[in-house]
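Asks: Following this message is one structure expressed as structure tokens.
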Amino acid sequence: MLKLVGAVLVLGAGTLAGFYQAQQFAARPRQLRELILALQRLETEISYGFTPLPDALERIGGSLREPLKSLLASAALYMRPDYGLSAQDSIRKALGEYWKRTSMKSAEREVLEQLSGVLGTSDRQDQIKHIALAVGQLKHEEAAARDDQVKYEKMSKSLGLLIGALIVILIF
Amino acid sequence: MITKDNLGEIDMTLNWLDLFPETVKRMLLNLSKELLEHVEEVRIREERPLEINSAGKHHFLDRRGGLTLRPEEAYKPTREDTHRLLDLISNHSLYTMEEELRKGFITIPGGHRVGLTGRTVLSGGRVEHIRDISGFNVRIAKEIQGAADDILPHLLDRKRKRVMHSLILSPPQQGKTTLLRDLARQISYGKWGNSSVHWPGMKVGIVDERSEIAGCLRGVPGFDVGPRTDVMDGCPKAEGMMMMIRSMSPDVLIVDEIGRPEDAEAVIEALHAGISVIATAHGSSVQDMRGRPALSGLLENRMFEMYAVLSRTGDHRSYKLYDGGQRTLQTAISGQPGGDAYA
């Protein structure tokens, strides 16, 4: 009896792990898309709105879904004068705190970290170029993420269940 | 010594310290309280000694925040320091400062002004932008209530119950802007500095091209410029004066540093509209005005009824007053000490 309960638990855990993995594969392209849209909005805020960076991040963050919402909001928060942090430090600090909650990978993080070094430090044309470059790189990642989703999403689900089953068989 | 914990209690006006990168801020906080409160300028030049000007004297700062006059002992701000400073004063958004970079200075919350030097980018022979910014002059604005106490009674036309058209002349760094700010405040409140004058406060319009007089942040004055005062912030003087005349019906129009032909035209327009104008200009005597084409016309046509020439020696300020025909009315009224924000 106890064995049976154990087997069901192992099987359940395997399945859940598979579903979680699949969900990550599905969330990454969606979050990437959202990030790209956010950067494009930032470009508009900079080029047409002359909006200061903290205000722009806060405004854009407000219209996004979690976890990007908190990421941008906290970056804007750290830019307040009483923190005394530069734009780069603020963004890096926010990335450090919130990146784990996203489903994105280190390649995307690198793009953002690189962008943070130049954000706000030059004239509009230059800013637009840098943002466009970052958007280009993220689009590339997005395409790869979609491929991964097609390839691995379903597979992860079945794999989770199968691995669970394998463990059960091995134990018995 | 001032620590960050008791800083708030000592003086709210020290919040300009938040602008500086941590390294420089720590040195400034090591200064004595008295010195820190009288700081007029902090000059940061990349890889060259950190300098402060306090009460009319200059000092270099060493790594521990001690004063020295020997450049080789002084702390030399690094590229990292200047980058951080630029990032902080531009609110992380240099791209919003295109106009400011063209003019060579940024005004920051509190009305403080940061002058910038670096490599200029030209477009069609005119300065378009400053790049590689490596030199900063942070001029600390101070509000000295009562700075205009001595001079205001002389600017009143008691018969006609109005303020006279006045021009305040002084070289830079003599406290022109501080004086102008206090004039606006007192006229607006109806404090005339004389017990025999009991007029109510007047409507005051300030055209604040460099955001120095009122120290506006998002259009709201950071200094107390009085309850009946309207401020046109960041607006070219001539255009701003015309806008004020047309739309805000001020009794007194206050404007800083006139000097271009279009400024003079706008002043004439205001005078003819029956509005009293109080303006300032760079110069150390009324005679100096003759040499300036834009201003000499105003002088010859007796547009101003009163000229005040400021001068400062150490901590004391004095005025010389001349009437419209440039006759000396009064010399050397001792002013409030410490009228030293900027000119």
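In the structure tokens, each chain is lettered A, B, ... as it comes, each chain's residues begin at 1, and ligands are numbered from 1 in order of appearance.
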Give me the residues within 8 Å of range 66-74 of chain A as a list in words, counting only C-alpha atoms and dropping any in the same chain fewer than 4 places off.
Replies: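 Listed by chain and then number, they are Gln31, Leu35, Leu57, Glu58, Ile60, Gly61, Gly62, Tyr78, Ala94, Leu95, Glu97, Tyr98, Trp99, Arg101 and Thr102 of chain A.
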Asks: Can you write out the residues you just picked, keeping C-alpha atoms, as a PDB file, in the first residue's frame?
Replies:
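Printed below is part_15.pdb as written:
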ATOM      1  CA  GLN A  31       7.954  37.464 -22.211  1.00  0.00           C
ATOM      2  CA  LEU A  35      10.143  42.940 -23.543  1.00  0.00           C
ATOM      3  CA  LEU A  57      10.280  52.989 -17.226  1.00  0.00           C
ATOM      4  CA  GLU A  58       7.605  53.455 -14.615  1.00  0.00           C
ATOM      5  CA  ILE A  60       5.886  51.360 -19.472  1.00  0.00           C
ATOM      6  CA  GLY A  61       6.166  48.992 -16.526  1.00  0.00           C
ATOM      7  CA  GLY A  62       2.655  49.891 -15.439  1.00  0.00           C
ATOM      8  CA  TYR A  78      16.381  52.749  -7.775  1.00  0.00           C
ATOM      9  CA  ALA A  94      16.624  45.337 -10.555  1.00  0.00           C
ATOM     10  CA  LEU A  95      17.765  42.560 -12.916  1.00  0.00           C
ATOM     11  CA  GLU A  97      16.367  40.890  -7.975  1.00  0.00           C
ATOM     12  CA  TYR A  98      13.743  40.005 -10.533  1.00  0.00           C
ATOM     13  CA  TRP A  99      15.423  38.058 -13.312  1.00  0.00           C
ATOM     14  CA  ARG A 101      11.168  35.218 -11.739  1.00  0.00           C
ATOM     15  CA  THR A 102      11.194  35.480 -15.509  1.00  0.00           C
TER      16      THR A 102
END
Asks: Taking the backbone alone, and naming residues the way the document does, which bits of chain A are alpha helix (DSSP H) by DSSP, as an MDAnalysis selection string?
Replies: chainID A and resid 2:44 53:62 68:78 87:98 106:118 124:171
Asks: What are the residues of chain B that have an atom within 9 Å of an atom of chain A, counting only C-alpha atoms, as a ChimeraX atom specification?
Replies: /B:18-22,83-88,90-98,129,131
Asks: Within 7 Å of range 263-265 of chain B, counting only C-alpha atoms, which residues show up once you throw out same-chain ones fewer than 6 positions away? Write them as a tab-separated table (two decimals) with C-alpha atoms, in the first residue's frame, please.
Replies:
chain	number	residue	atom	x	y	z
B	237	LYS	CA	13.18	86.23	-22.06
B	238	ALA	CA	11.82	88.34	-24.89
B	294	ALA	CA	21.07	96.47	-26.99
B	295	LEU	CA	21.08	98.25	-23.67
B	298	LEU	CA	17.21	101.81	-23.07
Asks: Please identify all polymer residues within 12 Å of Leu122 in chain B, counting only C-alpha atoms, omitting same-chain residues fewer than 5 positions from it, and present them as a PyMOL selection string.
Replies: chain B and resi 101-102+127-131
Asks: Write a file of the just-selected residues containing C-alpha atoms, as a PDB file, in the first residue's frame.
Replies:
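Written output follows (selection30.pdb):
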ATOM      1  CA  LEU B 101      23.564  71.129 -23.586  1.00  0.00           C
ATOM      2  CA  ARG B 102      23.351  73.708 -26.329  1.00  0.00           C
ATOM      3  CA  VAL B 127      27.081  74.654 -30.949  1.00  0.00           C
ATOM      4  CA  GLU B 128      24.665  71.772 -31.217  1.00  0.00           C
ATOM      5  CA  HIS B 129      25.670  69.650 -28.282  1.00  0.00           C
ATOM      6  CA  ILE B 130      28.448  68.992 -25.776  1.00  0.00           C
ATOM      7  CA  ARG B 131      30.062  65.572 -25.779  1.00  0.00           C
TER       8      ARG B 131
END
Asks: Can you tell me, as a VMD selection string, what residues are no more than 12 Å from range 7-13 of chain A when counting only C-alpha atoms, ignoring any on the same chain fewer than 6 positions away?
Replies: chain A and resid 1 19 to 20 157 to 172
Asks: So that I have them on file, write out the residues from the current selection with N, CA and C atoms, as an mmCIF file, in the first residue's frame.
Replies:
data_model
loop_
_atom_site.group_PDB
_atom_site.id
_atom_site.type_symbol
_atom_site.label_atom_id
_atom_site.label_comp_id
_atom_site.auth_asym_id
_atom_site.auth_seq_id
_atom_site.Cartn_x
_atom_site.Cartn_y
_atom_site.Cartn_z
ATOM 1 N N MET A 1 0.838 -1.219 0.000
ATOM 2 C CA MET A 1 0.000 0.000 0.000
ATOM 3 C C MET A 1 0.865 1.259 0.000
ATOM 4 N N PHE A 19 5.392 19.514 -16.705
ATOM 5 C CA PHE A 19 4.500 20.630 -17.045
ATOM 6 C C PHE A 19 5.170 21.968 -16.777
ATOM 7 N N TYR A 20 5.940 22.022 -15.661
ATOM 8 C CA TYR A 20 6.626 23.275 -15.323
ATOM 9 C C TYR A 20 7.611 23.642 -16.425
ATOM 10 N N LYS A 157 6.312 17.789 -21.469
ATOM 11 C CA LYS A 157 5.177 17.255 -20.715
ATOM 12 C C LYS A 157 5.238 15.731 -20.652
ATOM 13 N N SER A 158 5.415 15.106 -21.837
ATOM 14 C CA SER A 158 5.444 13.644 -21.851
ATOM 15 C C SER A 158 6.667 13.116 -21.128
ATOM 16 N N LEU A 159 7.794 13.834 -21.329
ATOM 17 C CA LEU A 159 9.038 13.382 -20.721
ATOM 18 C C LEU A 159 8.929 13.335 -19.207
ATOM 19 N N GLY A 160 8.261 14.356 -18.627
ATOM 20 C CA GLY A 160 8.084 14.390 -17.184
ATOM 21 C C GLY A 160 7.376 13.145 -16.687
ATOM 22 N N LEU A 161 6.269 12.835 -17.366
ATOM 23 C CA LEU A 161 5.493 11.660 -16.978
ATOM 24 C C LEU A 161 6.328 10.394 -17.134
ATOM 25 N N LEU A 162 7.033 10.303 -18.274
ATOM 26 C CA LEU A 162 7.807 9.089 -18.563
ATOM 27 C C LEU A 162 8.942 8.885 -17.576
ATOM 28 N N ILE A 163 9.621 9.997 -17.233
ATOM 29 C CA ILE A 163 10.720 9.873 -16.274
ATOM 30 C C ILE A 163 10.176 9.410 -14.929
ATOM 31 N N GLY A 164 8.996 9.989 -14.557
ATOM 32 C CA GLY A 164 8.337 9.551 -13.333
ATOM 33 C C GLY A 164 8.110 8.041 -13.376
ATOM 34 N N ALA A 165 7.573 7.604 -14.529
ATOM 35 C CA ALA A 165 7.281 6.181 -14.690
ATOM 36 C C ALA A 165 8.549 5.349 -14.596
ATOM 37 N N LEU A 166 9.616 5.846 -15.219
ATOM 38 C CA LEU A 166 10.891 5.125 -15.228
ATOM 39 C C LEU A 166 11.404 4.926 -13.800
ATOM 40 N N ILE A 167 11.330 6.025 -13.012
ATOM 41 C CA ILE A 167 11.804 5.937 -11.629
ATOM 42 C C ILE A 167 10.983 4.897 -10.859
ATOM 43 N N VAL A 168 9.653 4.956 -11.081
ATOM 44 C CA VAL A 168 8.788 3.991 -10.388
ATOM 45 C C VAL A 168 9.191 2.565 -10.740
ATOM 46 N N ILE A 169 9.420 2.313 -12.038
ATOM 47 C CA ILE A 169 9.799 0.970 -12.478
ATOM 48 C C ILE A 169 11.118 0.541 -11.850
ATOM 49 N N LEU A 170 12.082 1.471 -11.874
ATOM 50 C CA LEU A 170 13.392 1.147 -11.319
ATOM 51 C C LEU A 170 13.299 0.816 -9.840
ATOM 52 N N ILE A 171 12.479 1.589 -9.119
ATOM 53 C CA ILE A 171 12.385 1.360 -7.675
ATOM 54 C C ILE A 171 11.723 0.018 -7.381
ATOM 55 N N PHE A 172 10.692 -0.303 -8.148
ATOM 56 C CA PHE A 172 9.965 -1.550 -7.860
ATOM 57 C C PHE A 172 10.809 -2.789 -8.089
#
Asks: Could you pull the residues within 12 Å of His140 in chain A, counting only C-alpha atoms, minus those fewer than 4 positions along the same chain, as a PyMOL selection string?
Replies: chain A and resi 29+32-33+36+107-108+111+133-136+144-147
Asks: Keeping N, CA and C atoms for every residue in the selection just given, could you write it to a file as a compact mmCIF listing (two decimals), in the first residue's frame?
Replies:
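Result file again-v9.txt:
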# COMPACT_ATOMS: atom_id res chain seq x y z
N PRO A 29 9.06 32.88 -25.03
CA PRO A 29 8.77 33.75 -26.17
C PRO A 29 7.75 34.84 -25.86
N LEU A 32 9.58 37.50 -24.00
CA LEU A 32 10.49 38.19 -24.92
C LEU A 32 9.73 39.19 -25.77
N ARG A 33 8.58 38.73 -26.26
CA ARG A 33 7.74 39.61 -27.08
C ARG A 33 7.38 40.87 -26.29
N ILE A 36 10.32 43.14 -25.95
CA ILE A 36 10.58 43.87 -27.20
C ILE A 36 9.61 45.04 -27.34
N ALA A 107 21.09 34.98 -22.22
CA ALA A 107 21.38 35.77 -23.42
C ALA A 107 20.60 37.08 -23.41
N GLU A 108 19.32 36.98 -23.01
CA GLU A 108 18.48 38.18 -22.96
C GLU A 108 18.99 39.13 -21.87
N VAL A 111 21.82 41.15 -23.07
CA VAL A 111 21.39 42.25 -23.95
C VAL A 111 20.95 43.45 -23.10
N LEU A 133 19.26 48.26 -31.65
CA LEU A 133 20.20 47.13 -31.64
C LEU A 133 19.75 46.07 -30.65
N ALA A 134 19.37 46.52 -29.46
CA ALA A 134 18.92 45.58 -28.43
C ALA A 134 17.66 44.85 -28.90
N VAL A 135 16.74 45.60 -29.51
CA VAL A 135 15.51 44.99 -30.00
C VAL A 135 15.83 43.92 -31.05
N GLY A 136 16.79 44.24 -31.94
CA GLY A 136 17.20 43.28 -32.97
C GLY A 136 17.69 41.99 -32.34
N ALA A 144 14.43 32.06 -31.79
CA ALA A 144 15.00 30.81 -31.27
C ALA A 144 14.09 30.22 -30.20
N ALA A 145 13.53 31.12 -29.36
CA ALA A 145 12.68 30.65 -28.26
C ALA A 145 11.41 29.99 -28.82
N ARG A 146 10.89 30.55 -29.91
CA ARG A 146 9.69 29.95 -30.52
C ARG A 146 9.99 28.55 -31.07
N ASP A 147 11.14 28.44 -31.71
CA ASP A 147 11.56 27.12 -32.21
C ASP A 147 11.60 26.12 -31.07
Asks: Which residues come within 12 Å of Val286 in chain B, counting only C-alpha atoms, excluding same-chain residues fewer than 6 positions away, as a list in words?
Replies: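 Close residues of Val286 in chain B: Leu167, Ile168, Leu169, Ser170, Pro171, Thr280, Arg292, Leu295, Ser296, Leu298, Leu299, Glu300, Phe304, Met306, Tyr307, Ala308, Val309, Leu310, Lys320, Leu321, Tyr322, Asp323, Gly324, Gly325, Gln326, Arg327 and Thr328 of chain B.
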Asks: Deliver the residues from the most recent selection as a file, using N, CA and C atoms, as a PDB file, in the first residue's frame.
Replies:
ATOM      1  N   LEU B 167      16.683  98.752 -13.103  1.00  0.00           N
ATOM      2  CA  LEU B 167      17.679  97.840 -13.656  1.00  0.00           C
ATOM      3  C   LEU B 167      18.761  97.629 -12.605  1.00  0.00           C
ATOM      4  N   ILE B 168      19.035  96.365 -12.323  1.00  0.00           N
ATOM      5  CA  ILE B 168      20.065  96.053 -11.338  1.00  0.00           C
ATOM      6  C   ILE B 168      21.304  95.589 -12.082  1.00  0.00           C
ATOM      7  N   LEU B 169      22.403  96.272 -11.845  1.00  0.00           N
ATOM      8  CA  LEU B 169      23.637  95.946 -12.560  1.00  0.00           C
ATOM      9  C   LEU B 169      24.645  95.374 -11.596  1.00  0.00           C
ATOM     10  N   SER B 170      25.325  94.323 -12.014  1.00  0.00           N
ATOM     11  CA  SER B 170      26.450  93.857 -11.202  1.00  0.00           C
ATOM     12  C   SER B 170      27.265  92.852 -12.001  1.00  0.00           C
ATOM     13  N   PRO B 171      28.527  92.710 -11.649  1.00  0.00           N
ATOM     14  CA  PRO B 171      29.325  91.640 -12.261  1.00  0.00           C
ATOM     15  C   PRO B 171      28.787  90.298 -11.768  1.00  0.00           C
ATOM     16  N   THR B 280      17.772  92.600 -14.510  1.00  0.00           N
ATOM     17  CA  THR B 280      19.188  92.672 -14.161  1.00  0.00           C
ATOM     18  C   THR B 280      20.013  92.589 -15.440  1.00  0.00           C
ATOM     19  N   ARG B 292      27.058  98.592 -24.752  1.00  0.00           N
ATOM     20  CA  ARG B 292      26.295  97.431 -25.227  1.00  0.00           C
ATOM     21  C   ARG B 292      25.121  97.926 -26.064  1.00  0.00           C
ATOM     22  N   LEU B 295      21.501  97.579 -24.888  1.00  0.00           N
ATOM     23  CA  LEU B 295      21.082  98.252 -23.666  1.00  0.00           C
ATOM     24  C   LEU B 295      21.209  99.767 -23.742  1.00  0.00           C
ATOM     25  N   SER B 296      22.130 100.259 -24.609  1.00  0.00           N
ATOM     26  CA  SER B 296      22.369 101.703 -24.617  1.00  0.00           C
ATOM     27  C   SER B 296      21.108 102.461 -25.016  1.00  0.00           C
ATOM     28  N   LEU B 298      18.057 101.707 -24.263  1.00  0.00           N
ATOM     29  CA  LEU B 298      17.209 101.810 -23.072  1.00  0.00           C
ATOM     30  C   LEU B 298      17.689 102.938 -22.168  1.00  0.00           C
ATOM     31  N   LEU B 299      19.026 103.070 -22.119  1.00  0.00           N
ATOM     32  CA  LEU B 299      19.625 104.084 -21.252  1.00  0.00           C
ATOM     33  C   LEU B 299      19.326 105.474 -21.792  1.00  0.00           C
ATOM     34  N   GLU B 300      19.544 105.625 -23.106  1.00  0.00           N
ATOM     35  CA  GLU B 300      19.374 106.947 -23.706  1.00  0.00           C
ATOM     36  C   GLU B 300      17.929 107.408 -23.656  1.00  0.00           C
ATOM     37  N   PHE B 304      14.515 103.229 -17.903  1.00  0.00           N
ATOM     38  CA  PHE B 304      14.493 102.846 -16.493  1.00  0.00           C
ATOM     39  C   PHE B 304      14.502 104.095 -15.616  1.00  0.00           C
ATOM     40  N   MET B 306      15.292 103.815 -12.315  1.00  0.00           N
ATOM     41  CA  MET B 306      16.232 103.611 -11.216  1.00  0.00           C
ATOM     42  C   MET B 306      17.276 102.565 -11.627  1.00  0.00           C
ATOM     43  N   TYR B 307      18.520 102.870 -11.344  1.00  0.00           N
ATOM     44  CA  TYR B 307      19.579 101.895 -11.570  1.00  0.00           C
ATOM     45  C   TYR B 307      20.214 101.563 -10.231  1.00  0.00           C
ATOM     46  N   ALA B 308      20.408 100.290  -9.967  1.00  0.00           N
ATOM     47  CA  ALA B 308      21.109  99.905  -8.752  1.00  0.00           C
ATOM     48  C   ALA B 308      22.349  99.122  -9.163  1.00  0.00           C
ATOM     49  N   VAL B 309      23.501  99.521  -8.695  1.00  0.00           N
ATOM     50  CA  VAL B 309      24.739  98.805  -9.015  1.00  0.00           C
ATOM     51  C   VAL B 309      25.198  98.077  -7.760  1.00  0.00           C
ATOM     52  N   LEU B 310      25.323  96.771  -7.872  1.00  0.00           N
ATOM     53  CA  LEU B 310      25.718  95.959  -6.712  1.00  0.00           C
ATOM     54  C   LEU B 310      27.215  95.759  -6.694  1.00  0.00           C
ATOM     55  N   LYS B 320      24.802 101.066  -5.149  1.00  0.00           N
ATOM     56  CA  LYS B 320      24.805 102.484  -5.506  1.00  0.00           C
ATOM     57  C   LYS B 320      23.556 102.691  -6.324  1.00  0.00           C
ATOM     58  N   LEU B 321      22.832 103.746  -6.021  1.00  0.00           N
ATOM     59  CA  LEU B 321      21.581 103.987  -6.733  1.00  0.00           C
ATOM     60  C   LEU B 321      21.713 105.219  -7.614  1.00  0.00           C
ATOM     61  N   TYR B 322      21.208 105.096  -8.838  1.00  0.00           N
ATOM     62  CA  TYR B 322      21.200 106.230  -9.760  1.00  0.00           C
ATOM     63  C   TYR B 322      19.782 106.383 -10.287  1.00  0.00           C
ATOM     64  N   ASP B 323      19.373 107.627 -10.585  1.00  0.00           N
ATOM     65  CA  ASP B 323      18.046 107.792 -11.168  1.00  0.00           C
ATOM     66  C   ASP B 323      18.131 107.672 -12.688  1.00  0.00           C
ATOM     67  N   GLY B 324      16.991 107.871 -13.367  1.00  0.00           N
ATOM     68  CA  GLY B 324      16.945 107.667 -14.810  1.00  0.00           C
ATOM     69  C   GLY B 324      17.949 108.516 -15.560  1.00  0.00           C
ATOM     70  N   GLY B 325      18.271 109.700 -15.046  1.00  0.00           N
ATOM     71  CA  GLY B 325      19.252 110.560 -15.695  1.00  0.00           C
ATOM     72  C   GLY B 325      20.661 110.280 -15.230  1.00  0.00           C
ATOM     73  N   GLN B 326      20.850 109.148 -14.584  1.00  0.00           N
ATOM     74  CA  GLN B 326      22.145 108.664 -14.098  1.00  0.00           C
ATOM     75  C   GLN B 326      22.767 109.574 -13.045  1.00  0.00           C
ATOM     76  N   ARG B 327      21.940 110.322 -12.354  1.00  0.00           N
ATOM     77  CA  ARG B 327      22.480 111.085 -11.229  1.00  0.00           C
ATOM     78  C   ARG B 327      22.555 110.164 -10.025  1.00  0.00           C
ATOM     79  N   THR B 328      23.629 110.287  -9.286  1.00  0.00           N
ATOM     80  CA  THR B 328      23.782 109.439  -8.111  1.00  0.00           C
ATOM     81  C   THR B 328      22.779 109.859  -7.042  1.00  0.00           C
TER      82      THR B 328
END
Asks: Report the distance between CA of Leu152 in chain B and CA of Pro227 in chain B in Å, rounded to one decimal place.
Replies: 17.9 Å
Asks: Would you work out the distance separating CA of Arg228 in chain B from CA of His112 in chain B, expressed in Å to one decimal?
Replies: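 Calculated distance between CA of Arg228 in chain B and CA of His112 in chain B is 23.3 Å.
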Asks: Tell me which of A:Met155, A:Ala75, A:Leu2, A:Leu138 sits closest to Phe25 in chain A, counting only C-alpha atoms.
Replies: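 For Phe25 in chain A, the nearest of the given residues is A:Met155.
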Asks: Tell me, in Å to one decimal, how far CA of Ser318 in chain B is from CA of Gly175 in chain B.
Replies: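 CA of Gly175 in chain B lies at a distance of 10.8 Å from CA of Ser318 in chain B.
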